[in-house]
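Participant: Here's a structure for you.
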Amino acid sequence: MSEEFREPKPDSPVQPVSLTLDDRFRFRCHKGIACFNKCCENTDILLTPYDLLRLKNRLDVSSREFIDRYTRDCELDSHGMPGLKLGHREGSTACVFLTPEGCGVYADRPAACRYYALGHMALRKKDSPTDEEAYFVVKEAHCLGHHEPQEQTIREYLAEQGVDRYDTANREWRRVVLKKRSAGPAIGRPTQRSFELFFLASYDLDGFRAFVASEGFRKAFDLPQAEYVRLLTDEEALLQFAFRYLKQALYGEQSIPVHPQVAAARAERQREQMASRAAMSAEERARLQDELYASLLDDDKPAGDKS
Ligand code: SF4
Ligand code: SF4
């Protein structure tokens, strides 16, 4: 169902016409339609961090519990960057939240469900600093909504589906993913540690909160007390902070102040590493990067959580 992060394929239901927000398309989905629920009986829904936040709160479970009970693992790229998909009902391909009356989590359904029957792609051209949004109509044979007479612009449809809040909340995360995907082999093999960090900050918000609350994190990062309080009490602020943290840890985009003594120690460590880097093999470079991420996590993780 979700077409996010994928290119349209020749045999795909994704119509090969790229649309903008002001283009019109014909579609209407409603409870009385003969195909009601069909689209939720065979799903492949990629979850975003904000999807998880909304769903775990709706179900009143921790992020870890939500991941364990309602999701499936997937990979976001050919390097194995970890992602999550919505789970299936046992023994079927139906969404785990499908009920005979329709979606069991409708007010908090994921962004991909809100987009349907549209596909969305954020593309960044080489050397361009900004993302380009492209929309595609997804016409699956079972979906009769395309035969309904209603027509609307993409903008109107997305507003009606409440997509905006999800897009805003996930925007920086998408940038992290795009950057990681588009970096290609030039940046080297992504390390296991970078994947762990990505997973923690993207999906396990309760685990990330514990990380931010840890003594090690406070020793490493120089945030005002009021900011700590905000991060520990406002989940949406914490999620945005998680994306900042990812950009800093994975790409060196410094936006979170580091305590001067920690910064000096890290700079010294990096200088030593850089000095011997030129002579290293690709495996040695990957091991070094592992150690760098390990030091970030081990410095900052709460005691007793050094997995
Ligand atoms: S979350 Fe709801 S709308 Fe989305 S696939 Fe599941 S049942 Fe359907
Ligand atoms: S019209 Fe399409 S989106 Fe709506 S219930 Fe039917 S199959 Fe699902």
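Letters for chains follow the order of the structure tokens (A, B, ...), residue numbers begin at 1 for each chain, and ligand numbers begin at 1 in the order shown.
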Considering only C-alpha atoms and all ligand atoms, give me a table of residues in chain A that are at most 6 Å from ligand 2, with the closest atom pair and distance in Å for each, as a tab-separated table.

Facilitator:
```
residue	atom	partner	partner_atom_place_in_ligand_line	distance
A:Cys29	CA	ligand 2	4 (Fe)	3.9
A:Cys35	CA	ligand 2	6 (Fe)	4.1
A:Phe36	CA	ligand 2	5 (S)	3.7
A:Asn37	CA	ligand 2	5 (S)	4.7
A:Lys38	CA	ligand 2	7 (S)	4.8
A:Cys39	CA	ligand 2	8 (Fe)	4.2
A:His142	CA	ligand 2	7 (S)	5.8
A:Cys143	CA	ligand 2	7 (S)	3.6
A:Leu144	CA	ligand 2	1 (S)	4.9
A:Gly145	CA	ligand 2	1 (S)	3.8
```

Participant: Can you check which parts of chain A lie within 6 Å of ligand 1? Per residue, the shortest pair of atoms and distance in Å to one decimal, counting only C-alpha atoms and all ligand atoms, sorted by chain and number, as a tab-separated table.

Facilitator:
```
residue	atom	partner	partner_atom_place_in_ligand_line	distance
A:Cys40	CA	ligand 1	8 (Fe)	4.2
A:Cys95	CA	ligand 1	6 (Fe)	4.5
A:Phe97	CA	ligand 1	7 (S)	4.6
A:Leu98	CA	ligand 1	7 (S)	3.8
A:Cys103	CA	ligand 1	7 (S)	3.8
A:Val105	CA	ligand 1	2 (Fe)	5.8
A:Tyr106	CA	ligand 1	2 (Fe)	5.6
A:Arg109	CA	ligand 1	1 (S)	4.8
A:Cys113	CA	ligand 1	4 (Fe)	4.6
```

Participant: Output N, CA and C atoms for every residue in the selection just made, as a CSV table (one decimal), in the first residue's frame.

Facilitator:
```csv
chain,number,residue,atom,x,y,z
A,40,CYS,N,-7.1,-2.8,3.1
A,40,CYS,CA,-6.4,-3.1,4.4
A,40,CYS,C,-6.2,-4.6,4.5
A,95,CYS,N,-3.9,-6.0,7.7
A,95,CYS,CA,-3.4,-5.2,8.7
A,95,CYS,C,-3.8,-5.6,10.1
A,97,PHE,N,-4.6,-3.9,12.5
A,97,PHE,CA,-5.6,-3.1,13.1
A,97,PHE,C,-6.9,-3.1,12.3
A,98,LEU,N,-7.0,-4.0,11.4
A,98,LEU,CA,-8.3,-4.1,10.6
A,98,LEU,C,-9.4,-4.8,11.4
A,103,CYS,N,-11.0,0.6,10.0
A,103,CYS,CA,-9.8,0.7,10.7
A,103,CYS,C,-10.0,0.9,12.2
A,105,VAL,N,-7.8,2.0,14.3
A,105,VAL,CA,-7.0,3.1,14.9
A,105,VAL,C,-7.2,4.3,14.0
A,106,TYR,N,-8.4,4.5,13.4
A,106,TYR,CA,-8.6,5.4,12.3
A,106,TYR,C,-8.0,6.8,12.6
A,109,ARG,N,-4.3,6.6,12.3
A,109,ARG,CA,-3.7,5.7,11.3
A,109,ARG,C,-2.5,6.3,10.7
A,113,CYS,N,-1.5,5.3,5.2
A,113,CYS,CA,-2.9,5.0,5.0
A,113,CYS,C,-3.6,6.3,4.7
```

Participant: If you run DSSP on the backbone, which residues of range 51-294 of chain A are helix (DSSP H, G or I), as a PyMOL selection string?

Facilitator: chain A and resi 51-59+63-70+106-108+111-115+144-147+154-161+163-187+192-203+205-213+215-220+225-233+235-251+260-277+282-294

Participant: Write the residues of the selection above to a file with C-alpha atoms, as a compact mmCIF listing (two decimals), in the first residue's frame.

Facilitator:
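Result went into selection17.txt, see below:
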```
# COMPACT_ATOMS: atom_id res chain seq x y z
CA ASP A 51 3.25 7.05 13.11
CA LEU A 52 4.76 5.12 15.98
CA LEU A 53 4.37 8.00 18.39
CA ARG A 54 0.67 8.36 17.59
CA LEU A 55 -0.08 4.66 17.59
CA LYS A 56 1.76 3.73 20.78
CA ASN A 57 -0.03 6.55 22.61
CA ARG A 58 -3.39 5.55 21.23
CA LEU A 59 -2.84 2.00 22.45
CA SER A 63 7.36 2.19 22.02
CA ARG A 64 9.22 -1.09 22.62
CA GLU A 65 5.97 -2.93 23.30
CA PHE A 66 4.38 -1.43 20.22
CA ILE A 67 7.35 -2.49 18.08
CA ASP A 68 7.26 -6.03 19.47
CA ARG A 69 3.51 -6.51 19.12
CA TYR A 70 2.46 -4.61 16.04
CA TYR A 106 -8.57 5.43 12.33
CA ALA A 107 -7.89 8.78 14.07
CA ASP A 108 -4.22 7.77 14.49
CA ALA A 111 0.71 8.52 7.12
CA ALA A 112 0.78 5.86 4.37
CA CYS A 113 -2.89 5.04 5.03
CA ARG A 114 -3.77 8.72 4.90
CA TYR A 115 -1.96 9.14 1.59
CA LEU A 144 -13.36 1.18 -6.72
CA GLY A 145 -12.76 4.67 -5.36
CA HIS A 146 -11.27 5.69 -8.70
CA HIS A 147 -14.68 5.18 -10.36
CA ILE A 154 -3.98 16.67 -4.25
CA ARG A 155 -3.79 19.54 -1.73
CA GLU A 156 -7.49 19.24 -0.85
CA TYR A 157 -7.26 15.48 -0.48
CA LEU A 158 -4.20 15.62 1.76
CA ALA A 159 -5.81 18.31 3.94
CA GLU A 160 -8.92 16.19 4.34
CA GLN A 161 -6.78 13.21 5.37
CA VAL A 163 -1.49 14.44 6.29
CA ASP A 164 0.12 17.78 7.01
CA ARG A 165 0.82 17.15 10.68
CA TYR A 166 2.51 13.86 9.82
CA ASP A 167 4.60 15.36 7.04
CA THR A 168 5.73 18.22 9.26
CA ALA A 169 6.65 15.88 12.10
CA ASN A 170 8.54 13.47 9.79
CA ARG A 171 10.24 16.04 7.54
CA GLU A 172 13.67 16.04 9.21
CA TRP A 173 13.64 12.27 9.54
CA ARG A 174 13.01 11.93 5.80
CA ARG A 175 16.04 14.14 5.22
CA VAL A 176 18.16 11.85 7.38
CA VAL A 177 16.94 8.83 5.40
CA LEU A 178 17.42 10.50 2.02
CA LYS A 179 20.90 11.62 2.92
CA LYS A 180 21.85 8.18 4.11
CA ARG A 181 20.42 6.54 0.99
CA SER A 182 21.93 9.01 -1.45
CA ALA A 183 25.38 8.96 0.17
CA GLY A 184 26.08 5.73 -1.71
CA PRO A 185 29.36 3.88 -1.52
CA ALA A 186 31.43 7.08 -1.27
CA ILE A 187 30.75 7.34 2.45
CA GLN A 192 26.04 -1.65 12.83
CA ARG A 193 26.27 1.10 15.46
CA SER A 194 24.93 3.71 13.07
CA PHE A 195 21.96 1.41 12.38
CA GLU A 196 21.34 0.92 16.10
CA LEU A 197 21.45 4.63 16.68
CA PHE A 198 19.13 5.23 13.74
CA PHE A 199 16.63 2.68 15.07
CA LEU A 200 16.68 4.05 18.62
CA ALA A 201 16.18 7.68 17.55
CA SER A 202 13.64 6.86 14.83
CA TYR A 203 11.35 4.32 16.44
CA LEU A 205 11.05 7.04 21.50
CA ASP A 206 10.76 5.82 25.09
CA GLY A 207 14.26 4.33 24.84
CA PHE A 208 15.54 7.58 23.37
CA ARG A 209 13.94 9.53 26.25
CA ALA A 210 15.78 7.32 28.76
CA PHE A 211 18.97 7.99 26.82
CA VAL A 212 18.43 11.77 27.02
CA ALA A 213 17.61 11.51 30.73
CA GLU A 215 23.67 11.06 33.40
CA GLY A 216 26.05 10.26 30.56
CA PHE A 217 23.99 12.33 28.13
CA ARG A 218 23.98 15.33 30.49
CA LYS A 219 27.71 15.03 30.94
CA ALA A 220 28.24 15.04 27.19
CA GLN A 225 17.70 22.80 32.21
CA ALA A 226 14.45 24.12 30.70
CA GLU A 227 15.27 22.32 27.47
CA TYR A 228 15.79 19.03 29.32
CA VAL A 229 12.43 19.45 31.02
CA ARG A 230 10.77 20.16 27.68
CA LEU A 231 12.38 17.11 26.03
CA LEU A 232 11.38 14.81 28.86
CA THR A 233 7.77 15.98 28.94
CA GLU A 235 7.15 13.78 23.01
CA GLU A 236 6.85 15.72 19.77
CA ALA A 237 9.72 18.00 20.85
CA LEU A 238 11.72 14.90 21.83
CA LEU A 239 11.12 13.37 18.40
CA GLN A 240 12.44 16.47 16.63
CA PHE A 241 15.42 16.47 18.97
CA ALA A 242 16.03 12.80 18.08
CA PHE A 243 16.36 13.77 14.41
CA ARG A 244 18.79 16.58 15.32
CA TYR A 245 20.76 14.10 17.35
CA LEU A 246 20.86 11.68 14.42
CA LYS A 247 22.14 14.38 12.07
CA GLN A 248 24.84 15.27 14.56
CA ALA A 249 25.92 11.70 15.27
CA LEU A 250 25.68 10.39 11.70
CA TYR A 251 26.64 13.40 9.61
CA PRO A 260 33.82 21.88 26.08
CA GLN A 261 35.89 19.18 27.82
CA VAL A 262 33.99 16.41 26.00
CA ALA A 263 34.36 18.26 22.68
CA ALA A 264 38.10 18.68 23.27
CA ALA A 265 38.54 14.98 24.12
CA ARG A 266 36.58 13.93 21.05
CA ALA A 267 38.49 16.34 18.82
CA GLU A 268 41.76 14.90 20.10
CA ARG A 269 40.51 11.36 19.51
CA GLN A 270 39.40 12.25 16.01
CA ARG A 271 42.75 13.95 15.22
CA GLU A 272 44.58 10.79 16.18
CA GLN A 273 42.19 8.69 14.15
CA MET A 274 42.45 10.95 11.10
CA ALA A 275 46.24 10.73 11.24
CA SER A 276 46.19 6.98 10.75
CA ARG A 277 43.06 6.82 8.59
CA ALA A 282 37.92 -0.22 4.21
CA GLU A 283 37.26 -2.73 7.02
CA GLU A 284 39.45 -0.84 9.41
CA ARG A 285 37.66 2.40 8.56
CA ALA A 286 34.28 0.74 9.20
CA ARG A 287 35.55 -0.61 12.55
CA LEU A 288 36.72 2.87 13.48
CA GLN A 289 33.31 4.31 12.69
CA ASP A 290 31.73 1.58 14.81
CA GLU A 291 33.90 2.66 17.71
CA LEU A 292 32.93 6.28 17.22
CA TYR A 293 29.23 5.48 17.42
CA ALA A 294 29.88 3.08 20.26
```

Participant: Taking into account only C-alpha atoms, which residue in the set A:Ala141, A:Glu101, A:Asp131, A:Tyr116 is nearest to Gly32 in chain A?

Facilitator: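 Among A:Ala141, A:Glu101, A:Asp131, A:Tyr116, it is A:Glu101 that comes nearest to Gly32 in chain A.
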
Participant: Near range 14-18 of chain A, counting only C-alpha atoms, which residues have an atom at most 7 Å away, once you skip same-chain residues fewer than 3 positions from it, shown as number ranges by chain?

Facilitator: A: 8, 134-139

Participant: For Leu46 in chain A, which residue out of A:Cys74, A:Ala34, A:Arg28, A:Pro190 is the nearest one, using only C-alpha atoms?

Facilitator: A:Cys74

Participant: Can you check which residues of range 72-151 of chain A DSSP gives as strand (DSSP E or B) on the backbone and send them as a ChimeraX atom specification?

Facilitator: /A:72-75,82-86,88,95,98-99,102-103,118-123,132-138,151

Participant: Mind writing the picked residues with N, CA and C atoms as a PDB file, in the first residue's frame?

Facilitator:
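In the end it all went to again_26.pdb:
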```
ATOM      1  N   ARG A  72       6.655  -5.253  11.859  1.00  0.00           N
ATOM      2  CA  ARG A  72       7.571  -6.217  11.242  1.00  0.00           C
ATOM      3  C   ARG A  72       8.835  -5.460  10.860  1.00  0.00           C
ATOM      4  N   ASP A  73       9.965  -6.136  10.913  1.00  0.00           N
ATOM      5  CA  ASP A  73      11.218  -5.493  10.502  1.00  0.00           C
ATOM      6  C   ASP A  73      11.286  -5.394   8.986  1.00  0.00           C
ATOM      7  N   CYS A  74      11.964  -4.372   8.508  1.00  0.00           N
ATOM      8  CA  CYS A  74      12.263  -4.285   7.075  1.00  0.00           C
ATOM      9  C   CYS A  74      13.560  -3.501   6.914  1.00  0.00           C
ATOM     10  N   GLU A  75      14.000  -3.388   5.675  1.00  0.00           N
ATOM     11  CA  GLU A  75      15.210  -2.614   5.407  1.00  0.00           C
ATOM     12  C   GLU A  75      14.847  -1.442   4.519  1.00  0.00           C
ATOM     13  N   PRO A  82      17.730  -0.111   9.036  1.00  0.00           N
ATOM     14  CA  PRO A  82      16.533  -0.744   9.599  1.00  0.00           C
ATOM     15  C   PRO A  82      15.283   0.125   9.510  1.00  0.00           C
ATOM     16  N   GLY A  83      14.178  -0.511   9.144  1.00  0.00           N
ATOM     17  CA  GLY A  83      12.887   0.163   9.104  1.00  0.00           C
ATOM     18  C   GLY A  83      11.846  -0.724   9.758  1.00  0.00           C
ATOM     19  N   LEU A  84      10.645  -0.201   9.872  1.00  0.00           N
ATOM     20  CA  LEU A  84       9.544  -0.984  10.439  1.00  0.00           C
ATOM     21  C   LEU A  84       8.319  -0.885   9.553  1.00  0.00           C
ATOM     22  N   LYS A  85       7.621  -2.000   9.420  1.00  0.00           N
ATOM     23  CA  LYS A  85       6.334  -2.003   8.719  1.00  0.00           C
ATOM     24  C   LYS A  85       5.254  -2.408   9.702  1.00  0.00           C
ATOM     25  N   LEU A  86       4.042  -1.998   9.387  1.00  0.00           N
ATOM     26  CA  LEU A  86       2.916  -2.373  10.223  1.00  0.00           C
ATOM     27  C   LEU A  86       2.704  -3.889  10.119  1.00  0.00           C
ATOM     28  N   HIS A  88       0.894  -7.764  10.462  1.00  0.00           N
ATOM     29  CA  HIS A  88      -0.274  -8.417   9.867  1.00  0.00           C
ATOM     30  C   HIS A  88      -1.020  -9.216  10.924  1.00  0.00           C
ATOM     31  N   CYS A  95      -3.947  -6.049   7.670  1.00  0.00           N
ATOM     32  CA  CYS A  95      -3.373  -5.170   8.692  1.00  0.00           C
ATOM     33  C   CYS A  95      -3.801  -5.618  10.084  1.00  0.00           C
ATOM     34  N   LEU A  98      -7.026  -4.020  11.356  1.00  0.00           N
ATOM     35  CA  LEU A  98      -8.273  -4.090  10.586  1.00  0.00           C
ATOM     36  C   LEU A  98      -9.367  -4.776  11.415  1.00  0.00           C
ATOM     37  N   THR A  99     -10.543  -4.173  11.431  1.00  0.00           N
ATOM     38  CA  THR A  99     -11.704  -4.791  12.101  1.00  0.00           C
ATOM     39  C   THR A  99     -12.840  -4.854  11.068  1.00  0.00           C
ATOM     40  N   GLY A 102     -13.986  -1.551   9.978  1.00  0.00           N
ATOM     41  CA  GLY A 102     -13.025  -0.647   9.335  1.00  0.00           C
ATOM     42  C   GLY A 102     -11.755  -0.555  10.163  1.00  0.00           C
ATOM     43  N   CYS A 103     -11.047   0.550   9.999  1.00  0.00           N
ATOM     44  CA  CYS A 103      -9.759   0.721  10.679  1.00  0.00           C
ATOM     45  C   CYS A 103      -9.971   0.892  12.188  1.00  0.00           C
ATOM     46  N   LEU A 118      -2.811   7.765  -3.005  1.00  0.00           N
ATOM     47  CA  LEU A 118      -1.721   8.526  -3.601  1.00  0.00           C
ATOM     48  C   LEU A 118      -0.400   7.938  -3.127  1.00  0.00           C
ATOM     49  N   GLY A 119       0.596   8.019  -3.969  1.00  0.00           N
ATOM     50  CA  GLY A 119       1.956   7.730  -3.559  1.00  0.00           C
ATOM     51  C   GLY A 119       2.690   9.055  -3.440  1.00  0.00           C
ATOM     52  N   HIS A 120       3.675   9.080  -2.587  1.00  0.00           N
ATOM     53  CA  HIS A 120       4.410  10.322  -2.349  1.00  0.00           C
ATOM     54  C   HIS A 120       5.896  10.024  -2.367  1.00  0.00           C
ATOM     55  N   MET A 121       6.642  10.885  -3.035  1.00  0.00           N
ATOM     56  CA  MET A 121       8.087  10.727  -2.995  1.00  0.00           C
ATOM     57  C   MET A 121       8.745  12.073  -2.765  1.00  0.00           C
ATOM     58  N   ALA A 122       9.730  12.083  -1.897  1.00  0.00           N
ATOM     59  CA  ALA A 122      10.565  13.279  -1.724  1.00  0.00           C
ATOM     60  C   ALA A 122      11.892  12.965  -2.403  1.00  0.00           C
ATOM     61  N   LEU A 123      12.209  13.741  -3.411  1.00  0.00           N
ATOM     62  CA  LEU A 123      13.432  13.483  -4.172  1.00  0.00           C
ATOM     63  C   LEU A 123      14.384  14.652  -3.994  1.00  0.00           C
ATOM     64  N   GLU A 132      12.332  17.775  -3.507  1.00  0.00           N
ATOM     65  CA  GLU A 132      11.187  18.022  -4.379  1.00  0.00           C
ATOM     66  C   GLU A 132      10.131  16.980  -4.070  1.00  0.00           C
ATOM     67  N   GLU A 133       8.889  17.466  -3.871  1.00  0.00           N
ATOM     68  CA  GLU A 133       7.805  16.547  -3.556  1.00  0.00           C
ATOM     69  C   GLU A 133       7.119  16.141  -4.856  1.00  0.00           C
ATOM     70  N   ALA A 134       6.871  14.861  -5.011  1.00  0.00           N
ATOM     71  CA  ALA A 134       6.143  14.388  -6.189  1.00  0.00           C
ATOM     72  C   ALA A 134       5.042  13.433  -5.726  1.00  0.00           C
ATOM     73  N   TYR A 135       3.884  13.513  -6.372  1.00  0.00           N
ATOM     74  CA  TYR A 135       2.737  12.679  -6.005  1.00  0.00           C
ATOM     75  C   TYR A 135       2.325  11.840  -7.204  1.00  0.00           C
ATOM     76  N   PHE A 136       1.820  10.646  -6.914  1.00  0.00           N
ATOM     77  CA  PHE A 136       1.382   9.727  -7.972  1.00  0.00           C
ATOM     78  C   PHE A 136       0.068   9.093  -7.534  1.00  0.00           C
ATOM     79  N   VAL A 137      -0.827   8.873  -8.496  1.00  0.00           N
ATOM     80  CA  VAL A 137      -2.051   8.141  -8.180  1.00  0.00           C
ATOM     81  C   VAL A 137      -1.713   6.651  -8.200  1.00  0.00           C
ATOM     82  N   VAL A 138      -2.196   5.941  -7.194  1.00  0.00           N
ATOM     83  CA  VAL A 138      -1.991   4.485  -7.124  1.00  0.00           C
ATOM     84  C   VAL A 138      -3.332   3.825  -7.440  1.00  0.00           C
ATOM     85  N   GLU A 151     -13.962  14.643  -7.601  1.00  0.00           N
ATOM     86  CA  GLU A 151     -12.635  15.083  -8.031  1.00  0.00           C
ATOM     87  C   GLU A 151     -12.117  16.126  -7.051  1.00  0.00           C
TER      88      GLU A 151
END
```
